[in-house]
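Asker: Below is one structure. I have some questions about it.
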Amino acid sequence: MKKIATVIVVVIIALFIIGLVKDQIIKSIVTAAIEKNTGTKAAIGGFSLGLLNHSVEIKNFKMYNPSGFPQGLLIDLPYAKVDLDVPAFFKKELHLRELTVELRELDLVKNKQGEMNVDALKVSKERETRKPVSSAKKEEMSMRIDTLNLKIGKIVSKDYTASGEPLISVNDVNIQKTYKNITSISQLILLILTEPMKSAGIKGAKIYGLAALTGVGFVPIAIGSTIFGKSSNEEILNFDYNKVYDAALKVITKSGAIKNASKETGVINANVDNATVTVDITQVNGGSKIKVSARKYFLPKPEIASGIIYKIKEELK
């Protein structure tokens, strides 16, 4: 009886080890494929393949800025789930019945030369020589995604073209879109990059040209929500009131011109990027609440307000 129990334990441990090795190998293959198509570094925090339920889960995927741009993230994707067609894999077809992607943050960086990080990716540099998908050379393993559910969080834009501190703005997109019939990994990457940009109204990126060429410029079949034009944003920060106020004052001093500031009331009025900005800090249980409003030519500018909060949070790190 003891021998049987020992054998069972050994088998369970062996299966567990095989499962870990299998996941690590596939994780490396997926990472390498993404890096090959983008020409920049990528990393996957967690990866698990469930053979019984034909599902794949990816956690904490991150893609980094290409060469020629400040070090930092380009994509922060905390979770993705795949409903995989396993039999098709053995026929040299990567068929995903459904793919759900949660994009927490896309960081768009414009360097001192005015170039955008998404335009410096390998997939964007090939736009001049790339042929339409219909006439392109067939890949060794074809790829097909029946349904893509794309959840978009926020876009952080960092502009280094001017001297001094970069101009940072944040677009809280917070929408969900659904797409059908995606036929290549390049098409998938371009869609994940360009759809948040289009939703936030980002213009002038060269990557849009390639996206249209590869068929990514189609209209989504479903939209989960819309963007509301409010002029202010607020957050609760787990920091002491004085520390938050000092950080806010430092950020505003670097980013614009202070009109008046009072540590007693927690209010800072300033001009940032030709916008009228008000920062209001109040003490709450366990931390501080910061509210930032921004208006430019009487129009609400929530991206500037969110950008200031973003920089204050960076200062507090």
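Identifiers for the structure tokens are assigned positionally: chains receive A, B, ... in sequence, residues are indexed from 1 per chain, and ligands are indexed from 1 in the order shown.
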Give me the residues near range 97-106 of chain A as a ChimeraX atom specification, where near means some atom within 9 Å (using only C-alpha atoms) and where sequence neighbours in that chain fewer than 4 positions away do not count.

Answerer: /A:73-85,144-157,192-193,196-197

Asker: Keeping N, CA and C atoms, export the residues of the selection given above as a PDB file, in the first residue's frame.

Answerer:
ATOM      1  N   LEU A  73       8.135  51.403 -20.148  1.00  0.00           N
ATOM      2  CA  LEU A  73       7.118  50.566 -20.759  1.00  0.00           C
ATOM      3  C   LEU A  73       6.471  51.220 -21.975  1.00  0.00           C
ATOM      4  N   LEU A  74       6.099  50.392 -22.925  1.00  0.00           N
ATOM      5  CA  LEU A  74       5.252  50.813 -24.024  1.00  0.00           C
ATOM      6  C   LEU A  74       3.851  50.254 -23.800  1.00  0.00           C
ATOM      7  N   ILE A  75       3.795  48.977 -23.415  1.00  0.00           N
ATOM      8  CA  ILE A  75       2.507  48.321 -23.157  1.00  0.00           C
ATOM      9  C   ILE A  75       2.531  47.636 -21.801  1.00  0.00           C
ATOM     10  N   ASP A  76       1.473  47.848 -21.027  1.00  0.00           N
ATOM     11  CA  ASP A  76       1.264  47.145 -19.759  1.00  0.00           C
ATOM     12  C   ASP A  76      -0.059  46.397 -19.869  1.00  0.00           C
ATOM     13  N   LEU A  77       0.047  45.072 -19.981  1.00  0.00           N
ATOM     14  CA  LEU A  77      -1.119  44.234 -20.223  1.00  0.00           C
ATOM     15  C   LEU A  77      -1.208  43.200 -19.100  1.00  0.00           C
ATOM     16  N   PRO A  78      -2.036  43.449 -18.097  1.00  0.00           N
ATOM     17  CA  PRO A  78      -2.050  42.563 -16.922  1.00  0.00           C
ATOM     18  C   PRO A  78      -2.651  41.187 -17.157  1.00  0.00           C
ATOM     19  N   TYR A  79      -3.535  41.052 -18.168  1.00  0.00           N
ATOM     20  CA  TYR A  79      -4.211  39.763 -18.313  1.00  0.00           C
ATOM     21  C   TYR A  79      -4.695  39.536 -19.744  1.00  0.00           C
ATOM     22  N   ALA A  80      -4.549  38.305 -20.187  1.00  0.00           N
ATOM     23  CA  ALA A  80      -5.114  37.876 -21.464  1.00  0.00           C
ATOM     24  C   ALA A  80      -5.527  36.416 -21.334  1.00  0.00           C
ATOM     25  N   LYS A  81      -6.632  36.072 -21.972  1.00  0.00           N
ATOM     26  CA  LYS A  81      -7.122  34.691 -21.930  1.00  0.00           C
ATOM     27  C   LYS A  81      -7.501  34.239 -23.325  1.00  0.00           C
ATOM     28  N   VAL A  82      -7.145  32.984 -23.639  1.00  0.00           N
ATOM     29  CA  VAL A  82      -7.360  32.444 -24.974  1.00  0.00           C
ATOM     30  C   VAL A  82      -8.183  31.159 -24.889  1.00  0.00           C
ATOM     31  N   ASP A  83      -9.170  31.049 -25.776  1.00  0.00           N
ATOM     32  CA  ASP A  83      -9.868  29.782 -25.989  1.00  0.00           C
ATOM     33  C   ASP A  83      -9.234  29.160 -27.224  1.00  0.00           C
ATOM     34  N   LEU A  84      -8.394  28.145 -27.003  1.00  0.00           N
ATOM     35  CA  LEU A  84      -7.520  27.604 -28.049  1.00  0.00           C
ATOM     36  C   LEU A  84      -8.126  26.374 -28.724  1.00  0.00           C
ATOM     37  N   ASP A  85      -8.008  26.326 -30.049  1.00  0.00           N
ATOM     38  CA  ASP A  85      -8.402  25.152 -30.830  1.00  0.00           C
ATOM     39  C   ASP A  85      -7.184  24.242 -30.921  1.00  0.00           C
ATOM     40  N   ARG A 144      -5.300  32.454 -36.891  1.00  0.00           N
ATOM     41  CA  ARG A 144      -6.667  32.939 -37.076  1.00  0.00           C
ATOM     42  C   ARG A 144      -7.293  33.156 -35.706  1.00  0.00           C
ATOM     43  N   ILE A 145      -7.857  34.343 -35.502  1.00  0.00           N
ATOM     44  CA  ILE A 145      -8.587  34.647 -34.268  1.00  0.00           C
ATOM     45  C   ILE A 145     -10.028  34.955 -34.655  1.00  0.00           C
ATOM     46  N   ASP A 146     -10.953  34.142 -34.168  1.00  0.00           N
ATOM     47  CA  ASP A 146     -12.355  34.344 -34.513  1.00  0.00           C
ATOM     48  C   ASP A 146     -12.908  35.612 -33.873  1.00  0.00           C
ATOM     49  N   THR A 147     -12.669  35.777 -32.565  1.00  0.00           N
ATOM     50  CA  THR A 147     -13.205  36.931 -31.835  1.00  0.00           C
ATOM     51  C   THR A 147     -12.143  37.493 -30.903  1.00  0.00           C
ATOM     52  N   LEU A 148     -11.957  38.794 -30.953  1.00  0.00           N
ATOM     53  CA  LEU A 148     -11.056  39.490 -30.044  1.00  0.00           C
ATOM     54  C   LEU A 148     -11.854  40.470 -29.196  1.00  0.00           C
ATOM     55  N   ASN A 149     -11.778  40.325 -27.876  1.00  0.00           N
ATOM     56  CA  ASN A 149     -12.366  41.286 -26.942  1.00  0.00           C
ATOM     57  C   ASN A 149     -11.234  42.131 -26.374  1.00  0.00           C
ATOM     58  N   LEU A 150     -11.207  43.399 -26.715  1.00  0.00           N
ATOM     59  CA  LEU A 150     -10.125  44.288 -26.311  1.00  0.00           C
ATOM     60  C   LEU A 150     -10.628  45.315 -25.302  1.00  0.00           C
ATOM     61  N   LYS A 151     -10.126  45.211 -24.076  1.00  0.00           N
ATOM     62  CA  LYS A 151     -10.460  46.176 -23.024  1.00  0.00           C
ATOM     63  C   LYS A 151      -9.314  47.175 -22.925  1.00  0.00           C
ATOM     64  N   ILE A 152      -9.631  48.460 -23.091  1.00  0.00           N
ATOM     65  CA  ILE A 152      -8.615  49.511 -23.142  1.00  0.00           C
ATOM     66  C   ILE A 152      -8.708  50.379 -21.896  1.00  0.00           C
ATOM     67  N   GLY A 153      -7.609  50.529 -21.181  1.00  0.00           N
ATOM     68  CA  GLY A 153      -7.570  51.359 -19.979  1.00  0.00           C
ATOM     69  C   GLY A 153      -7.225  52.802 -20.289  1.00  0.00           C
ATOM     70  N   LYS A 154      -5.951  53.149 -20.203  1.00  0.00           N
ATOM     71  CA  LYS A 154      -5.555  54.539 -20.426  1.00  0.00           C
ATOM     72  C   LYS A 154      -4.329  54.645 -21.330  1.00  0.00           C
ATOM     73  N   ILE A 155      -4.171  55.828 -21.911  1.00  0.00           N
ATOM     74  CA  ILE A 155      -2.999  56.151 -22.728  1.00  0.00           C
ATOM     75  C   ILE A 155      -2.229  57.265 -22.050  1.00  0.00           C
ATOM     76  N   VAL A 156      -0.947  57.038 -21.829  1.00  0.00           N
ATOM     77  CA  VAL A 156      -0.059  58.058 -21.267  1.00  0.00           C
ATOM     78  C   VAL A 156       0.831  58.573 -22.390  1.00  0.00           C
ATOM     79  N   SER A 157       0.735  59.869 -22.704  1.00  0.00           N
ATOM     80  CA  SER A 157       1.541  60.480 -23.764  1.00  0.00           C
ATOM     81  C   SER A 157       2.658  61.317 -23.138  1.00  0.00           C
ATOM     82  N   ILE A 192      -3.861  46.200 -31.327  1.00  0.00           N
ATOM     83  CA  ILE A 192      -3.720  46.529 -29.904  1.00  0.00           C
ATOM     84  C   ILE A 192      -3.045  47.884 -29.719  1.00  0.00           C
ATOM     85  N   LEU A 193      -2.168  48.264 -30.646  1.00  0.00           N
ATOM     86  CA  LEU A 193      -1.487  49.554 -30.555  1.00  0.00           C
ATOM     87  C   LEU A 193      -2.350  50.710 -31.057  1.00  0.00           C
ATOM     88  N   PRO A 196      -6.416  51.857 -29.235  1.00  0.00           N
ATOM     89  CA  PRO A 196      -6.438  52.817 -28.129  1.00  0.00           C
ATOM     90  C   PRO A 196      -6.104  54.228 -28.586  1.00  0.00           C
ATOM     91  N   MET A 197      -5.158  54.344 -29.533  1.00  0.00           N
ATOM     92  CA  MET A 197      -4.756  55.660 -30.030  1.00  0.00           C
ATOM     93  C   MET A 197      -5.912  56.349 -30.750  1.00  0.00           C
TER      94      MET A 197
END

Asker: Using DSSP on the backbone coordinates, identify the residues of range 80-200 of chain A assigned to alpha helix (DSSP H); present them as a ChimeraX atom specification.

Answerer: /A:86-89,122-125,185-199

Asker: I'd like the contact shell of Thr38 in chain A - 9 Å cut-off, only C-alpha atoms, skipping same-chain residues fewer than 2 positions apart - returned as number ranges by chain.

Answerer: A: 33-36, 40-41, 66, 120-124, 186, 189

Asker: For the residues in that selection, give me N, CA and C atoms as a compact mmCIF listing (two decimals), in the first residue's frame.

Answerer:
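This is the output file again-v8.txt:
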# COMPACT_ATOMS: atom_id res chain seq x y z
N ALA A 33 8.26 35.34 -30.38
CA ALA A 33 7.47 35.70 -31.56
C ALA A 33 7.09 37.18 -31.53
N ILE A 34 6.72 37.67 -30.36
CA ILE A 34 6.35 39.09 -30.22
C ILE A 34 7.57 39.98 -30.45
N GLU A 35 8.71 39.61 -29.85
CA GLU A 35 9.92 40.40 -30.02
C GLU A 35 10.38 40.40 -31.48
N LYS A 36 10.18 39.30 -32.18
CA LYS A 36 10.56 39.21 -33.59
C LYS A 36 9.73 40.18 -34.44
N THR A 40 11.56 44.86 -30.27
CA THR A 40 11.86 45.40 -28.94
C THR A 40 11.62 44.33 -27.89
N LYS A 41 12.05 44.59 -26.66
CA LYS A 41 11.97 43.61 -25.58
C LYS A 41 10.55 43.45 -25.07
N PRO A 66 11.35 50.86 -27.83
CA PRO A 66 12.44 50.48 -28.73
C PRO A 66 13.66 51.37 -28.54
N ALA A 120 8.61 53.44 -34.34
CA ALA A 120 9.97 52.90 -34.39
C ALA A 120 10.00 51.38 -34.25
N LEU A 121 8.85 50.78 -34.03
CA LEU A 121 8.79 49.31 -33.94
C LEU A 121 9.03 48.69 -35.30
N LYS A 122 9.54 47.47 -35.28
CA LYS A 122 9.85 46.76 -36.52
C LYS A 122 8.64 46.64 -37.42
N VAL A 123 7.48 46.36 -36.82
CA VAL A 123 6.26 46.18 -37.58
C VAL A 123 5.86 47.48 -38.29
N SER A 124 6.28 48.63 -37.77
CA SER A 124 5.97 49.92 -38.40
C SER A 124 7.00 50.29 -39.47
N SER A 186 0.97 40.09 -36.71
CA SER A 186 1.23 41.51 -36.99
C SER A 186 -0.05 42.32 -36.92
N ILE A 189 -0.98 42.77 -33.23
CA ILE A 189 -0.14 43.77 -32.56
C ILE A 189 -0.54 45.18 -32.98

Asker: Can you pull out every residue within 9 Å of Lys254 in chain A, counting only C-alpha atoms, but drop anything in the same chain fewer than 5 positions away, and send it as an mmCIF file with C-alpha atoms, in the first residue's frame?

Answerer:
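Final output, out36.cif:
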data_model
loop_
_atom_site.group_PDB
_atom_site.id
_atom_site.type_symbol
_atom_site.label_atom_id
_atom_site.label_comp_id
_atom_site.auth_asym_id
_atom_site.auth_seq_id
_atom_site.Cartn_x
_atom_site.Cartn_y
_atom_site.Cartn_z
ATOM 1 C CA GLY A 164 13.157 70.602 -19.860
ATOM 2 C CA GLU A 165 10.568 68.291 -18.356
ATOM 3 C CA LEU A 249 4.076 71.832 -5.801
#

Asker: Name the residues in contact with Ala43 in chain A at a cut-off of 7 Å, using only C-alpha atoms, excluding same-chain residues fewer than 5 positions from it; report them as JSON, numbers by chain.

Answerer: {"A": [31, 61, 62, 63]}

Asker: Could you work out how far CA of Ala275 in chain A lies from CA of Tyr208 in chain A, giving the answer in Å with one decimal?

Answerer: 28.8 Å

Asker: I'd like to know which of A:Val244, A:Val118, A:Ile58, A:Leu108 is closest to Ile290 in chain A, using only C-alpha atoms.

Answerer: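 Closest to Ile290 in chain A, using only C-alpha atoms: A:Val244.
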
Asker: Would you please work out which residue, of A:Ala247, A:Leu167, A:Ile207, A:Ala261, is nearest to Lys317 in chain A when using only C-alpha atoms?

Answerer: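 Of the candidates, the smallest distance to Lys317 in chain A is held by A:Ala247.
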
Asker: Nearest to Ala42 in chain A among A:Gly72, A:Gln283, A:Ala294, A:His54, with distances taken over only C-alpha atoms: which residue is it?

Answerer: A:Gly72
